[in-house]
>>> print(open('target-v1.txt').read())   # compact mmCIF, C-alpha atoms
# COMPACT_ATOMS: atom_id res chain seq x y z
CA MET A 9 29.51 8.55 17.44
CA GLU A 10 32.71 8.38 15.44
CA LEU A 11 31.04 5.97 13.01
CA VAL A 12 28.11 8.34 12.59
CA GLU A 13 30.54 11.17 11.89
CA LYS A 14 32.18 9.04 9.20
CA ALA A 15 28.80 8.30 7.62
CA LEU A 16 27.97 12.01 7.66
CA GLY A 17 31.32 12.64 5.98
CA PHE A 18 30.35 10.19 3.24
CA ILE A 19 27.02 11.98 2.78
CA VAL A 20 28.84 15.30 2.33
CA GLU A 21 31.46 13.79 0.00
CA ILE A 22 29.02 12.18 -2.47
CA GLU A 23 27.28 15.52 -2.82
CA LYS A 24 30.03 16.38 -5.32
CA LEU A 25 28.12 14.29 -7.85
CA LYS A 26 25.66 17.20 -8.03
CA ASP A 27 28.46 19.16 -9.67
CA VAL A 28 29.28 16.62 -12.39
CA GLN A 29 27.77 17.91 -15.61
CA ARG A 30 26.39 15.53 -18.21
CA LYS A 31 25.95 16.13 -21.95
CA THR A 32 22.18 16.51 -22.25
CA ARG A 33 19.62 18.98 -20.96
CA PRO A 34 16.56 17.67 -19.07
CA VAL A 35 13.33 18.13 -21.03
CA GLY A 36 12.18 21.74 -20.68
CA LEU A 37 15.37 23.01 -19.00
CA GLU A 38 18.09 25.21 -20.46
CA ARG A 39 20.85 23.91 -18.22
CA TYR A 40 22.66 20.61 -18.51
CA GLU A 41 21.82 17.67 -16.31
CA ASN A 42 24.04 16.62 -13.42
CA SER A 43 24.91 13.06 -12.51
CA ALA A 44 23.15 13.13 -9.11
CA GLU A 45 19.71 14.01 -10.46
CA HIS A 46 20.33 11.60 -13.35
CA SER A 47 20.97 8.83 -10.80
CA TRP A 48 17.59 9.49 -9.21
CA HIS A 49 15.91 9.66 -12.60
CA VAL A 50 17.17 6.27 -13.77
CA CYS A 51 16.00 4.63 -10.53
CA LEU A 52 12.45 5.76 -11.22
CA ALA A 53 12.85 4.91 -14.91
CA ALA A 54 13.82 1.37 -13.89
CA LEU A 55 10.68 1.14 -11.73
CA ALA A 56 8.50 2.41 -14.55
CA LEU A 57 9.98 -0.05 -17.04
CA LYS A 58 10.54 -3.13 -14.88
CA GLU A 59 7.51 -4.98 -16.28
CA PHE A 60 9.13 -4.89 -19.72
CA ALA A 61 12.36 -6.62 -18.73
CA ASP A 62 12.95 -9.62 -20.96
CA VAL A 63 14.03 -11.85 -18.08
CA GLU A 64 13.19 -11.89 -14.40
CA ILE A 65 15.11 -9.26 -12.48
CA ASP A 66 15.55 -8.27 -8.84
CA ILE A 67 14.41 -4.65 -9.15
CA GLN A 68 15.79 -3.69 -5.74
CA LYS A 69 19.23 -4.79 -6.87
CA VAL A 70 18.81 -2.78 -10.09
CA ILE A 71 17.96 0.29 -8.01
CA MET A 72 20.94 -0.22 -5.73
CA MET A 73 23.18 -0.41 -8.80
CA LEU A 74 21.71 2.73 -10.30
CA LEU A 75 22.01 4.69 -7.05
CA ILE A 76 25.77 4.15 -7.02
CA HIS A 77 26.57 3.65 -10.72
CA ASP A 78 27.96 7.15 -11.29
CA LEU A 79 29.84 7.70 -8.01
CA GLY A 80 33.16 7.20 -9.82
CA GLU A 81 32.43 10.34 -11.82
CA ILE A 82 33.17 12.47 -8.76
CA ASP A 83 36.84 11.82 -9.55
CA ALA A 84 36.63 10.94 -13.25
CA GLY A 85 33.87 13.17 -14.69
CA ASP A 86 31.16 12.11 -17.13
CA THR A 87 31.88 10.56 -20.55
CA ILE A 88 29.29 10.54 -23.32
CA ILE A 89 28.63 7.03 -24.65
CA TYR A 90 29.51 8.10 -28.20
CA GLU A 91 33.11 8.78 -27.19
CA SER A 92 35.08 5.67 -26.46
CA GLU A 93 36.24 5.73 -22.90
CA THR A 94 39.96 5.40 -22.47
CA ARG A 95 41.34 2.71 -20.26
CA GLU A 96 42.86 5.45 -18.15
CA ASN A 97 39.45 7.02 -17.59
CA LYS A 98 37.88 3.69 -16.69
CA GLU A 99 40.59 3.07 -14.14
CA LYS A 100 40.13 6.53 -12.72
CA GLU A 101 36.41 5.86 -12.35
CA ALA A 102 36.96 2.52 -10.63
CA ALA A 103 39.48 4.06 -8.25
CA GLY A 104 37.05 6.90 -7.58
CA VAL A 105 34.21 4.54 -6.75
CA LYS A 106 36.44 2.71 -4.32
CA ARG A 107 37.73 5.89 -2.73
CA VAL A 108 34.22 7.17 -2.08
CA LEU A 109 32.60 3.89 -1.02
CA GLU A 110 35.48 3.01 1.28
CA MET A 111 34.43 5.92 3.46
CA LEU A 112 31.72 3.50 4.63
CA PRO A 113 32.33 0.55 7.01
CA LYS A 114 34.23 -2.28 5.30
CA ASP A 115 31.35 -4.75 4.85
CA GLN A 116 29.14 -2.10 3.26
CA ALA A 117 31.98 -0.78 1.09
CA ASP A 118 32.82 -4.29 -0.13
CA GLU A 119 29.18 -4.97 -1.00
CA TYR A 120 28.68 -1.76 -2.96
CA VAL A 121 32.04 -1.89 -4.73
CA ALA A 122 31.19 -5.43 -5.87
CA LEU A 123 27.81 -4.20 -7.05
CA TRP A 124 29.46 -1.40 -9.03
CA PHE A 125 31.77 -3.88 -10.75
CA GLU A 126 28.80 -6.13 -11.49
CA PHE A 127 27.10 -3.13 -13.13
CA GLU A 128 30.21 -2.28 -15.10
CA GLU A 129 30.70 -5.82 -16.33
CA GLY A 130 27.11 -5.93 -17.55
CA GLU A 131 26.73 -9.68 -17.47
CA SER A 132 24.09 -10.34 -14.80
CA ALA A 133 20.40 -9.86 -15.63
CA GLU A 134 20.21 -6.89 -13.25
CA SER A 135 23.24 -5.13 -14.68
CA ILE A 136 22.01 -5.66 -18.25
CA PHE A 137 18.67 -4.10 -17.38
CA ALA A 138 20.24 -1.28 -15.35
CA ARG A 139 22.63 -0.45 -18.20
CA ALA A 140 19.72 -0.44 -20.66
CA VAL A 141 17.75 1.97 -18.48
CA ASP A 142 20.81 4.21 -18.07
CA ARG A 143 20.75 4.84 -21.83
CA ILE A 144 17.14 5.95 -22.01
CA PRO A 145 16.97 9.46 -20.48
CA PRO A 146 19.58 10.94 -22.86
CA LEU A 147 17.52 9.61 -25.80
CA LEU A 148 14.37 11.20 -24.38
CA HIS A 149 16.23 14.47 -23.77
CA ASN A 150 17.22 14.58 -27.40
CA LEU A 151 13.88 13.35 -28.77
CA HIS A 152 12.03 16.01 -26.75
CA GLY A 153 14.79 18.60 -27.04
CA ASP A 154 15.36 19.03 -30.76
CA GLY A 155 18.29 16.60 -30.78
CA HIS A 156 20.46 19.21 -29.03
CA SER A 157 23.07 16.85 -27.66
CA TRP A 158 23.35 14.78 -30.85
CA ARG A 159 23.98 18.02 -32.75
CA GLU A 160 26.42 19.45 -30.20
CA ASN A 161 28.44 16.23 -30.13
CA ASN A 162 28.27 15.36 -33.85
CA VAL A 163 26.39 12.16 -33.22
CA SER A 164 24.92 10.52 -36.34
CA LYS A 165 21.76 8.43 -36.62
CA GLU A 166 23.94 5.40 -37.28
CA MET A 167 25.77 5.95 -33.98
CA VAL A 168 22.53 6.50 -32.04
CA LEU A 169 20.86 3.41 -33.46
CA SER A 170 23.88 1.17 -33.09
CA LEU A 171 25.17 2.25 -29.66
CA ASN A 172 21.73 2.25 -28.06
CA SER A 173 20.63 -1.09 -29.47
CA ARG A 174 22.05 -2.48 -26.22
CA ILE A 175 18.77 -1.37 -24.69
CA ALA A 176 17.28 -4.43 -26.43
CA ASP A 177 19.43 -6.68 -24.24
CA GLY A 178 17.37 -5.45 -21.29
CA SER A 179 14.02 -5.13 -23.02
CA ASN A 180 13.17 -5.77 -26.65
CA GLU A 181 9.84 -4.07 -26.23
CA VAL A 182 11.35 -0.87 -24.87
CA TRP A 183 13.97 -0.77 -27.61
CA ASP A 184 11.34 -1.37 -30.31
CA THR A 185 9.34 1.60 -29.03
CA LEU A 186 12.38 3.85 -28.80
CA LYS A 187 13.61 2.71 -32.22
CA ASN A 188 10.28 3.81 -33.69
CA GLN A 189 10.64 7.20 -32.02
CA LEU A 190 14.20 7.49 -33.30
CA HIS A 191 13.12 6.65 -36.85
CA GLU A 192 10.48 9.38 -36.56
CA ALA A 193 13.20 11.75 -35.39
CA VAL A 194 15.18 10.88 -38.52
CA GLU A 195 12.12 11.64 -40.65
CA THR A 196 11.55 15.01 -39.00
CA GLY A 197 15.24 15.86 -39.32
CA ILE A 198 16.02 16.00 -35.58
CA LEU A 199 18.39 13.05 -35.95
CA LYS A 200 20.69 13.09 -38.98
CA MET B 17 4.07 -0.73 -27.15
CA GLU B 18 1.41 1.67 -25.94
CA LEU B 19 2.26 0.75 -22.34
CA VAL B 20 5.95 1.41 -22.97
CA GLU B 21 5.04 4.79 -24.44
CA LYS B 22 3.08 5.59 -21.28
CA ALA B 23 6.03 4.60 -19.11
CA LEU B 24 8.33 6.79 -21.19
CA GLY B 25 5.81 9.62 -20.73
CA PHE B 26 6.08 9.14 -16.97
CA ILE B 27 9.87 9.25 -17.18
CA VAL B 28 9.69 12.57 -19.03
CA GLU B 29 7.05 14.00 -16.67
CA ILE B 30 8.92 13.32 -13.42
CA GLU B 31 11.93 15.12 -14.85
CA LYS B 32 10.17 18.32 -13.78
CA LEU B 33 11.39 17.58 -10.24
CA LYS B 34 14.84 18.66 -11.49
CA ASP B 35 13.39 22.15 -11.74
CA VAL B 36 12.00 22.35 -8.19
CA GLN B 37 14.35 24.51 -6.18
CA ARG B 38 14.98 23.82 -2.51
CA LYS B 39 16.16 26.26 0.17
CA THR B 40 19.75 25.13 0.73
CA ARG B 41 22.89 25.00 -1.38
CA PRO B 42 24.81 21.72 -1.66
CA VAL B 43 28.19 21.85 0.10
CA GLY B 44 30.67 23.65 -2.16
CA LEU B 45 28.10 24.85 -4.70
CA GLU B 46 26.79 28.37 -5.24
CA ARG B 47 23.44 27.31 -6.65
CA TYR B 48 20.48 25.96 -4.73
CA GLU B 49 19.69 22.27 -4.63
CA ASN B 50 16.84 20.79 -6.63
CA SER B 51 14.44 18.15 -5.36
CA ALA B 52 15.54 15.45 -7.84
CA GLU B 53 19.20 15.42 -6.78
CA HIS B 54 18.06 15.71 -3.16
CA SER B 55 15.95 12.57 -3.65
CA TRP B 56 19.04 10.67 -4.81
CA HIS B 57 21.11 12.09 -1.98
CA VAL B 58 18.72 10.96 0.77
CA CYS B 59 18.63 7.43 -0.67
CA LEU B 60 22.38 7.14 -0.26
CA ALA B 61 22.20 8.89 3.11
CA ALA B 62 19.71 6.24 4.24
CA LEU B 63 22.11 3.50 3.12
CA ALA B 64 25.01 5.14 4.94
CA LEU B 65 23.02 5.51 8.16
CA LYS B 66 20.90 2.35 8.18
CA GLU B 67 23.05 0.64 10.82
CA PHE B 68 22.15 3.39 13.27
CA ALA B 69 18.38 2.96 13.01
CA ASP B 70 16.91 2.44 16.48
CA VAL B 71 14.60 -0.33 15.34
CA GLU B 72 14.80 -2.88 12.56
CA ILE B 73 13.89 -1.40 9.21
CA ASP B 74 13.39 -2.68 5.67
CA ILE B 75 15.97 -0.47 3.96
CA GLN B 76 14.64 -1.24 0.47
CA LYS B 77 11.26 0.11 1.51
CA VAL B 78 12.94 3.22 2.94
CA ILE B 79 14.68 3.77 -0.39
CA MET B 80 11.47 3.31 -2.35
CA MET B 81 9.83 5.93 -0.12
CA LEU B 82 12.68 8.36 -0.54
CA LEU B 83 12.76 7.93 -4.33
CA ILE B 84 9.14 9.10 -4.59
CA HIS B 85 8.76 11.27 -1.48
CA ASP B 86 9.06 14.60 -3.28
CA LEU B 87 7.13 13.84 -6.49
CA GLY B 88 4.20 15.94 -5.26
CA GLU B 89 6.46 18.99 -5.40
CA ILE B 90 6.24 18.97 -9.19
CA ASP B 91 2.79 20.52 -8.73
CA ALA B 92 3.16 22.01 -5.23
CA GLY B 93 6.75 23.25 -5.00
CA ASP B 94 9.11 22.82 -2.04
CA THR B 95 8.31 24.05 1.48
CA ILE B 96 11.05 24.59 4.06
CA ILE B 97 10.36 22.69 7.29
CA TYR B 98 10.52 25.89 9.34
CA GLU B 99 7.43 27.26 7.61
CA SER B 100 4.26 25.51 8.59
CA GLU B 101 2.72 23.93 5.54
CA THR B 102 -0.82 25.02 4.87
CA ARG B 103 -3.51 22.43 4.51
CA GLU B 104 -4.02 23.70 0.98
CA ASN B 105 -0.40 23.05 0.10
CA LYS B 106 -0.49 19.55 1.60
CA GLU B 107 -3.57 18.75 -0.45
CA LYS B 108 -1.92 20.10 -3.57
CA GLU B 109 1.09 17.89 -2.93
CA ALA B 110 -1.05 14.77 -2.40
CA ALA B 111 -3.03 15.50 -5.57
CA GLY B 112 0.25 16.04 -7.42
CA VAL B 113 1.70 12.75 -6.27
CA LYS B 114 -1.43 10.97 -7.45
CA ARG B 115 -1.49 12.77 -10.78
CA VAL B 116 2.10 11.81 -11.52
CA LEU B 117 2.04 8.24 -10.19
CA GLU B 118 -1.25 7.47 -11.92
CA MET B 119 0.59 7.77 -15.22
CA LEU B 120 1.85 4.27 -14.31
CA PRO B 121 -0.27 1.08 -14.57
CA LYS B 122 -2.92 0.94 -11.81
CA ASP B 123 -1.30 -1.71 -9.58
CA GLN B 124 2.01 0.14 -9.57
CA ALA B 125 0.33 3.51 -9.04
CA ASP B 126 -1.70 2.16 -6.11
CA GLU B 127 1.40 0.67 -4.50
CA TYR B 128 3.48 3.84 -4.77
CA VAL B 129 0.66 6.19 -3.76
CA ALA B 130 0.10 4.07 -0.64
CA LEU B 131 3.84 4.21 0.06
CA TRP B 132 3.81 7.99 -0.26
CA PHE B 133 0.94 8.26 2.24
CA GLU B 134 2.79 5.91 4.58
CA PHE B 135 5.80 8.22 4.36
CA GLU B 136 3.65 11.30 4.97
CA GLU B 137 1.90 9.76 7.97
CA GLY B 138 5.26 8.91 9.52
CA GLU B 139 4.03 6.11 11.74
CA SER B 140 5.74 2.98 10.38
CA ALA B 141 9.36 2.26 11.29
CA GLU B 142 10.44 2.83 7.69
CA SER B 143 8.66 6.16 7.34
CA ILE B 144 10.05 7.38 10.68
CA PHE B 145 13.58 6.55 9.54
CA ALA B 146 13.05 7.97 6.03
CA ARG B 147 11.68 11.22 7.46
CA ALA B 148 14.63 11.45 9.83
CA VAL B 149 17.10 11.00 6.97
CA ASP B 150 15.25 13.59 4.88
CA ARG B 151 16.09 16.22 7.51
CA ILE B 152 19.84 15.58 7.51
CA PRO B 153 21.22 17.05 4.25
CA PRO B 154 19.85 20.56 4.89
CA LEU B 155 21.58 20.52 8.31
CA LEU B 156 24.85 19.46 6.69
CA HIS B 157 24.46 22.14 4.00
CA ASN B 158 24.15 24.76 6.71
CA LEU B 159 26.83 23.32 8.99
CA HIS B 160 29.31 23.20 6.08
CA GLY B 161 27.96 26.31 4.39
CA ASP B 162 28.15 29.04 6.99
CA GLY B 163 24.51 28.61 8.01
CA HIS B 164 23.41 30.29 4.77
CA SER B 165 19.87 28.93 4.69
CA TRP B 166 19.24 29.50 8.40
CA ARG B 167 20.29 33.11 7.90
CA GLU B 168 18.32 33.63 4.68
CA ASN B 169 15.16 32.18 6.23
CA ASN B 170 15.49 33.72 9.72
CA VAL B 171 15.75 30.36 11.40
CA SER B 172 16.84 30.45 15.05
CA LYS B 173 18.83 27.85 16.97
CA GLU B 174 15.69 27.05 18.96
CA MET B 175 13.83 26.25 15.75
CA VAL B 176 16.69 24.15 14.37
CA LEU B 177 17.08 22.14 17.55
CA SER B 178 13.40 21.64 18.13
CA LEU B 179 12.18 20.89 14.59
CA ASN B 180 15.03 18.52 13.82
CA SER B 181 14.82 16.60 17.07
CA ARG B 182 12.50 14.31 15.10
CA ILE B 183 15.70 12.79 13.72
CA ALA B 184 16.00 11.08 17.13
CA ASP B 185 12.81 9.13 16.39
CA GLY B 186 14.75 7.38 13.63
CA SER B 187 18.13 7.22 15.31
CA ASN B 188 19.16 8.57 18.69
CA GLU B 189 22.81 8.09 17.84
CA VAL B 190 22.58 10.14 14.64
CA TRP B 191 20.67 12.91 16.39
CA ASP B 192 23.18 13.00 19.26
CA THR B 193 26.02 13.47 16.78
CA LEU B 194 24.20 16.15 14.84
CA LYS B 195 23.12 17.89 18.03
CA ASN B 196 26.78 18.13 19.05
CA GLN B 197 27.65 19.64 15.69
CA LEU B 198 24.74 22.09 16.00
CA HIS B 199 25.89 23.15 19.47
CA GLU B 200 29.35 23.76 18.03
CA ALA B 201 27.72 25.85 15.30
CA VAL B 202 26.05 27.91 18.00
CA GLU B 203 29.43 28.40 19.68
CA THR B 204 31.10 29.53 16.46
CA GLY B 205 28.19 31.83 15.69
CA ILE B 206 27.00 30.06 12.52
CA LEU B 207 23.70 29.25 14.20
CA LYS B 208 22.07 32.01 16.23
>>> encode(input="target-v1.txt", output="structure tokens")
Amino acid sequence: MELVEKALGFIVEIEKLKDVQRKTRPVGLERYENSAEHSWHVCLAALALKEFADVEIDIQKVIMMLLIHDLGEIDAGDTIIYESETRENKEKEAAGVKRVLEMLPKDQADEYVALWFEFEEGESAESIFARAVDRIPPLLHNLHGDGHSWRENNVSKEMVLSLNSRIADGSNEVWDTLKNQLHEAVETGILK
Amino acid sequence: MELVEKALGFIVEIEKLKDVQRKTRPVGLERYENSAEHSWHVCLAALALKEFADVEIDIQKVIMMLLIHDLGEIDAGDTIIYESETRENKEKEAAGVKRVLEMLPKDQADEYVALWFEFEEGESAESIFARAVDRIPPLLHNLHGDGHSWRENNVSKEMVLSLNSRIADGSNEVWDTLKNQLHEAVETGILK
């Protein structure tokens, strides 16, 4: 019963991710997105795009990574990809992930912390694909939302095209499609 | 490229779940929860509680179910468990799930629609556990949030104890722990 109570404590603790505000607004909504709903969204995005991965991936592992990838933001907050993250912030995020996951029994905590570091390192096929997928919703939010977050954060077309080209590491086909949409956005003046 | 565009269309469409309001407030937040962040939350809740499942379960399948379990609410909205769902609403939800999932390629759509029906029927070990987990966050929101949603929706202790006893079908140990906490809530007057 004590172990169940601890697990319930974990479930309450991670709820704080619902209060971490990101820098884009979901399509059709006035408010900004939070990191909890984003985490759900990228899991389904990964499922929708898995057939386009350039190499074979274990999609269940990708989903596990994406479910936990932002837990460190409970302590560290969200950083937009166009701002370089300080080493201090990265360390805060890693410590935060550990703090939260270590509320679970040791074997589970160890497994998920290792998975988070694998995601962060971005070297395995699954982490490369997961990191590519993680970049996609903010692009769609801007493409379908008059480039609001690019404008608000002074993000240029050069920055968007260069920093998101990492999507091609996960799927060339997905990046080609998005690149086309981004070039259209440049033509219509949404992306400057 | 056309298939990628369709997948991106799906990713944008499901975002509407971020705008479906539920009946409880996350712990510590003033606003109500939405069904997208709830979907993420129950996935991690399932991971945290999987060791307490009464029978062997395929946790990846549970997570897949929980990721998609509320997609029908995009068209049908959320219904609190203490209100009996009309047949009309259930049909609307099923049609909504199909409409959304059929934006994906046929084999994927068929697989996920079947998984949604398996969840709804609640007969397989995975669906029993997933449905048990789905009940837990609203209890925690009330237990840690002065019973706000019970009060707002005129939900009695008899209703809470009887309608949530289904959690025991997934895990007796989890239900025993929660039942203790609910009895304490009755003693402190949070649950009447």
>>> atom_distance(input="target-v1.txt", atom1="atom CA of Ser143 of chain B", atom2="atom CA of Leu198 of chain B")
24.2 Å
>>> interface_residues(input="target-v1.txt", of="chain A", to="chain B", cutoff="8 Å", atoms="only C-alpha atoms", output="PyMOL selection string")
chain A and resi 9+12-13+15-16+18-20+22-24+26-27+34-37+44-49+51-53+56-57+60+68+75+112+145+148+181-182+184-185
>>> write_last_selection(input="target-v1.txt", atoms="C-alpha atoms", output="short mmCIF file (atom, residue, chain, number, x, y, z; two decimals), in the frame of the given file")
data_model
loop_
_atom_site.label_atom_id
_atom_site.label_comp_id
_atom_site.auth_asym_id
_atom_site.auth_seq_id
_atom_site.Cartn_x
_atom_site.Cartn_y
_atom_site.Cartn_z
CA MET A 9 29.51 8.55 17.44
CA VAL A 12 28.11 8.34 12.59
CA GLU A 13 30.54 11.17 11.89
CA ALA A 15 28.80 8.30 7.62
CA LEU A 16 27.97 12.01 7.66
CA PHE A 18 30.35 10.19 3.24
CA ILE A 19 27.02 11.98 2.78
CA VAL A 20 28.84 15.30 2.33
CA ILE A 22 29.02 12.18 -2.47
CA GLU A 23 27.28 15.52 -2.82
CA LYS A 24 30.03 16.38 -5.32
CA LYS A 26 25.66 17.20 -8.03
CA ASP A 27 28.46 19.16 -9.67
CA PRO A 34 16.56 17.67 -19.07
CA VAL A 35 13.33 18.13 -21.03
CA GLY A 36 12.18 21.74 -20.68
CA LEU A 37 15.37 23.01 -19.00
CA ALA A 44 23.15 13.13 -9.11
CA GLU A 45 19.71 14.01 -10.46
CA HIS A 46 20.33 11.60 -13.35
CA SER A 47 20.97 8.83 -10.80
CA TRP A 48 17.59 9.49 -9.21
CA HIS A 49 15.91 9.66 -12.60
CA CYS A 51 16.00 4.63 -10.53
CA LEU A 52 12.45 5.76 -11.22
CA ALA A 53 12.85 4.91 -14.91
CA ALA A 56 8.50 2.41 -14.55
CA LEU A 57 9.98 -0.05 -17.04
CA PHE A 60 9.13 -4.89 -19.72
CA GLN A 68 15.79 -3.69 -5.74
CA LEU A 75 22.01 4.69 -7.05
CA LEU A 112 31.72 3.50 4.63
CA PRO A 145 16.97 9.46 -20.48
CA LEU A 148 14.37 11.20 -24.38
CA GLU A 181 9.84 -4.07 -26.23
CA VAL A 182 11.35 -0.87 -24.87
CA ASP A 184 11.34 -1.37 -30.31
CA THR A 185 9.34 1.60 -29.03
#
>>> atom_distance(input="target-v1.txt", atom1="atom CA of Glu137 of chain B", atom2="atom CA of Gln37 of chain B")
23.9 Å
>>> residues_around(input="target-v1.txt", residues="Asn172 of chain A", least_positions_apart="3", cutoff="9 Å", atoms="only C-alpha atoms", output="VMD selection string")
chain A and resid 140 143 to 144 147 167 to 169 175 to 176 183
>>> residues_around(input="target-v1.txt", residues="Pro146 of chain A", least_positions_apart="3", cutoff="9 Å", atoms="all atoms listed in the file", output="PyMOL selection string")
chain A and resi 31-34+142-143+149-151+157
>>> residues_around(input="target-v1.txt", residues="Arg115 of chain B", least_positions_apart="3", cutoff="10 Å", atoms="all atoms listed in the file", output="MDAnalysis selection string")
chainID B and resid 87:88 91 109:112 118:120 125 129
>>> residues_around(input="target-v1.txt", residues="Asp177 of chain A", least_positions_apart="2", cutoff="8 Å", atoms="only C-alpha atoms", output="list in words")
Asp62, Ile136, Phe137, Ala140, Ser173, Arg174, Ile175, Ser179 and Asn180 of chain A
>>> atom_distance(input="target-v1.txt", atom1="atom CA of Ile75 of chain B", atom2="atom CA of Glu81 of chain A")
25.2 Å
>>> residues_around(input="target-v1.txt", residues="segment 192-199 of chain A", least_positions_apart="5", cutoff="8 Å", atoms="all atoms listed in the file", output="VMD selection string")
chain A and resid 151 154 to 155 158 164 to 165
>>> closest_residue(input="target-v1.txt", among="B:Arg147, B:His164, B:Asp94, B:Arg103", to="Phe135 of chain B", atoms="all atoms listed in the file")
B:Arg147
>>> decode(input="target-v1.txt", residues="segment 16-22 of chain A", atoms="all heavy atoms", output="tab-separated table (two decimals), in the first residue's frame")
chain	number	residue	atom	x	y	z
A	16	LEU	N	1.01	7.08	-6.52
A	16	LEU	CA	-0.01	8.13	-6.63
A	16	LEU	C	0.62	9.51	-6.42
A	16	LEU	O	0.24	10.49	-7.08
A	16	LEU	CB	-1.14	7.90	-5.61
A	16	LEU	CG	-1.97	6.61	-5.80
A	16	LEU	CD1	-2.99	6.46	-4.68
A	16	LEU	CD2	-2.68	6.58	-7.16
A	17	GLY	N	1.61	9.57	-5.55
A	17	GLY	CA	2.35	10.83	-5.34
A	17	GLY	C	3.06	11.28	-6.61
A	17	GLY	O	3.07	12.47	-6.96
A	18	PHE	N	3.64	10.32	-7.32
A	18	PHE	CA	4.29	10.61	-8.60
A	18	PHE	C	3.26	11.16	-9.60
A	18	PHE	O	3.51	12.15	-10.29
A	18	PHE	CB	4.93	9.32	-9.15
A	18	PHE	CG	5.42	9.42	-10.58
A	18	PHE	CD1	6.64	10.01	-10.87
A	18	PHE	CD2	4.65	8.92	-11.63
A	18	PHE	CE1	7.10	10.09	-12.19
A	18	PHE	CE2	5.09	9.00	-12.95
A	18	PHE	CZ	6.32	9.58	-13.23
A	19	ILE	N	2.10	10.52	-9.64
A	19	ILE	CA	1.05	10.94	-10.58
A	19	ILE	C	0.61	12.38	-10.30
A	19	ILE	O	0.37	13.16	-11.22
A	19	ILE	CB	-0.15	9.95	-10.52
A	19	ILE	CG1	0.30	8.57	-11.04
A	19	ILE	CG2	-1.34	10.45	-11.32
A	19	ILE	CD1	-0.69	7.44	-10.78
A	20	VAL	N	0.53	12.73	-9.03
A	20	VAL	CA	0.17	14.11	-8.67
A	20	VAL	C	1.31	15.07	-9.01
A	20	VAL	O	1.10	16.15	-9.57
A	20	VAL	CB	-0.21	14.21	-7.16
A	20	VAL	CG1	-0.34	15.67	-6.73
A	20	VAL	CG2	-1.52	13.47	-6.90
A	21	GLU	N	2.54	14.65	-8.75
A	21	GLU	CA	3.70	15.53	-8.97
A	21	GLU	C	3.86	15.90	-10.45
A	21	GLU	O	4.07	17.07	-10.79
A	21	GLU	CB	4.98	14.85	-8.47
A	21	GLU	CG	6.27	15.62	-8.70
A	21	GLU	CD	6.31	16.97	-7.97
A	21	GLU	OE1	5.61	17.12	-6.96
A	21	GLU	OE2	7.05	17.87	-8.44
A	22	ILE	N	3.76	14.90	-11.33
A	22	ILE	CA	4.01	15.19	-12.76
A	22	ILE	C	2.94	16.08	-13.37
A	22	ILE	O	3.14	16.67	-14.43
A	22	ILE	CB	4.12	13.89	-13.61
A	22	ILE	CG1	2.83	13.08	-13.53
A	22	ILE	CG2	5.33	13.08	-13.17
A	22	ILE	CD1	2.77	11.96	-14.55
